[in-house]
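Heads up: the structure comes next, in structure tokens.
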Amino acid sequence: MTSQHGATGSYTWDRSFRLWDTYFALIWLATLVFVLGTDEPGWPVRAVAAGLLVPLVPLYVWVGRPVLQGDPPDERRAVGYLVAQMALFLPSAVLVGETRLMCFALVPPCFMVLRLRWALIAVTVINIAPVIGWALLWWPSAQDVFFNSVFAVVTLVFSMALGTWIIRVIEQSQERAELIAELDASRHEVSRLSSAHGALAERERMAREIHDTLAQGFTSLLMLVQAVEAELDDDLPQARRHLALMDETARQNLAEARALVTGGTPADLEGASLQDALRRLAARHDAPLQVTGPVRALPAGPEVVALRSCQEALANARKHAGSSATVSLALTYADETLTMSVRDDGCGFDPGAVYGGYGLAGLRTRAAEVGGTAVVRSAPGKGTTVTVRLPVSPTTPVSPLRSAR
């Protein structure tokens, strides 16, 4: 994008400079015709004046044009070019008054390459010096001196006004170019920060997904392995039951891993409703589930958040509440909200003293992503209740239900 813009700008500048080349050539040719075609002074003087004009062309082509195209122009070369230009022009203009037509081609470069004060001085010399020199050399009539002086003053004022306006335009163009460059740099920086933020948000999302699914599943497997090791000698049927549960958990983890890789629906929700997924999850944790309200199909977002929040809350309860704690689940459908809560009567904790980790922070972040809230109520010795409320659109109920398991 930037290179294309630069190439287009360069082409536009080259094309506009060809117009300036044409303008310079036309003014130079017209001046030469006027000098050679005038009646006074005599032919030898006019030939000398015309001869002084001829070198202006190669001087412009070999020196002036590269200087004027510089960005910014080389100031030393620019001053040298203008001095050489005036050294050829002024004697010719003193010899033949018609040479002053060349001012229209010599004045603009002064404003293009010099600072304003020096440009005004150079323009004054180009317009006034030829008239003074011509009058002192030829001593024309007072009327000719008057008209030539008026013409010189008018062209000087016009040149100053036009040149000042040109410089203001150039300054504004430079300011706009700098602003465009800054905006372009800002756009690239915003794009870079947006990409970095997107990558960070994706990493955080994947971290939450792994923590709430695979990590919890592996934790369950480790706990089941420890239970089986303790039961192999004393309670073989219970060990077999735990082995079967290990097999189911491993398969569930594999399905969750595939869902994470493909970005698909969580394994528990694949081809099942939310309440069915929560029932299976509650059964794996030996926890009762109560479903209240008009059960209905919901968008995938709230259902996934409710399921993941329940998985996280159950994992925390199993890990922190103690093996003897009783855990219960509740799922409530309302017209505009879906509420999921997990309660245990374990040892409890102080929520304000918990820092770091993905657990509670992940719960709140998940709920906030769909416009909901997650509240954790607990105190030492008084158990823990995790309540997640999610906004949902009111729709036609699938079936009224009030059941407990």
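Note on naming: chains are A, B, ... as they come in the structure tokens, residues start from 1 per chain, ligands start from 1 in the order shown.
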(request) Name the residues in contact with Cys347 in chain A at a cut-off of 7 Å, using only C-alpha atoms, excluding same-chain residues fewer than 3 positions from it; report them as a list in words. (result)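 Surrounding residues, per the criterion: Ala321, Pro380, Gly381, Lys382 and Gly383 of chain A.
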(request) Write down as a ChimeraX atom specification the residues of range 32-188 of chain A whose backbone DSSP state falls under alpha helix (DSSP H). (result) /A:32-37,43-53,56-59,65-69,75-95,103-113,116-138,142-188
(message) Which residue is closest to Cys103 in chain A? Choose from A:Leu136, A:Val295, A:Leu183, A:Ala152 and count only C-alpha atoms.
(response)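 Ranking A:Leu136, A:Val295, A:Leu183, A:Ala152 by distance to Cys103 in chain A, first place goes to A:Ala152.
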(request) With a distance cut-off of 10 Å and only C-alpha atoms, select the neighbouring residues of Gly51 in chain A, excluding the residue or stretch itself and same-chain residues fewer than 4 positions from it, and output the selection as a list in words. (result) Leu32, Val45, Arg46, Ala47, Pro55, Leu56, Leu88 and Ser92 of chain A
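Closest approach to Ala325 in chain A among A:Thr365, A:Thr384, A:Thr292, A:Ser341 is made by A:Thr384 (distances from only C-alpha atoms).
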(message) Restricting the calculation to only C-alpha atoms: of A:Ala227, A:Ala215, A:Leu307, A:Val48, which residue gets closest to Val388 in chain A?
(response)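 Smallest separation from Val388 in chain A among the options: A:Leu307.
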(request) Within 8 Å of Phe111 in chain A, counting only C-alpha atoms, which residues show up once you throw out same-chain ones fewer than 5 positions away? Write them as number ranges by chain, please. (result) A: 116, 119-120, 163-164, 166-167
Now that the selection is made, can you save its residues with C-alpha atoms as a JSON list (two decimals), in the first residue's frame?
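Written file, again03.json:
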[["chain", "number", "residue", "atom", "x", "y", "z"],
["A", 116, "LEU", "CA", 10.78, 33.32, 1.82],
["A", 119, "ALA", "CA", 13.21, 34.58, -2.36],
["A", 120, "LEU", "CA", 11.66, 38.05, -2.02],
["A", 163, "GLY", "CA", 5.22, 33.38, -4.65],
["A", 164, "THR", "CA", 4.07, 33.84, -1.05],
["A", 166, "ILE", "CA", 3.00, 29.14, -3.51],
["A", 167, "ILE", "CA", 5.22, 28.86, -0.42]]
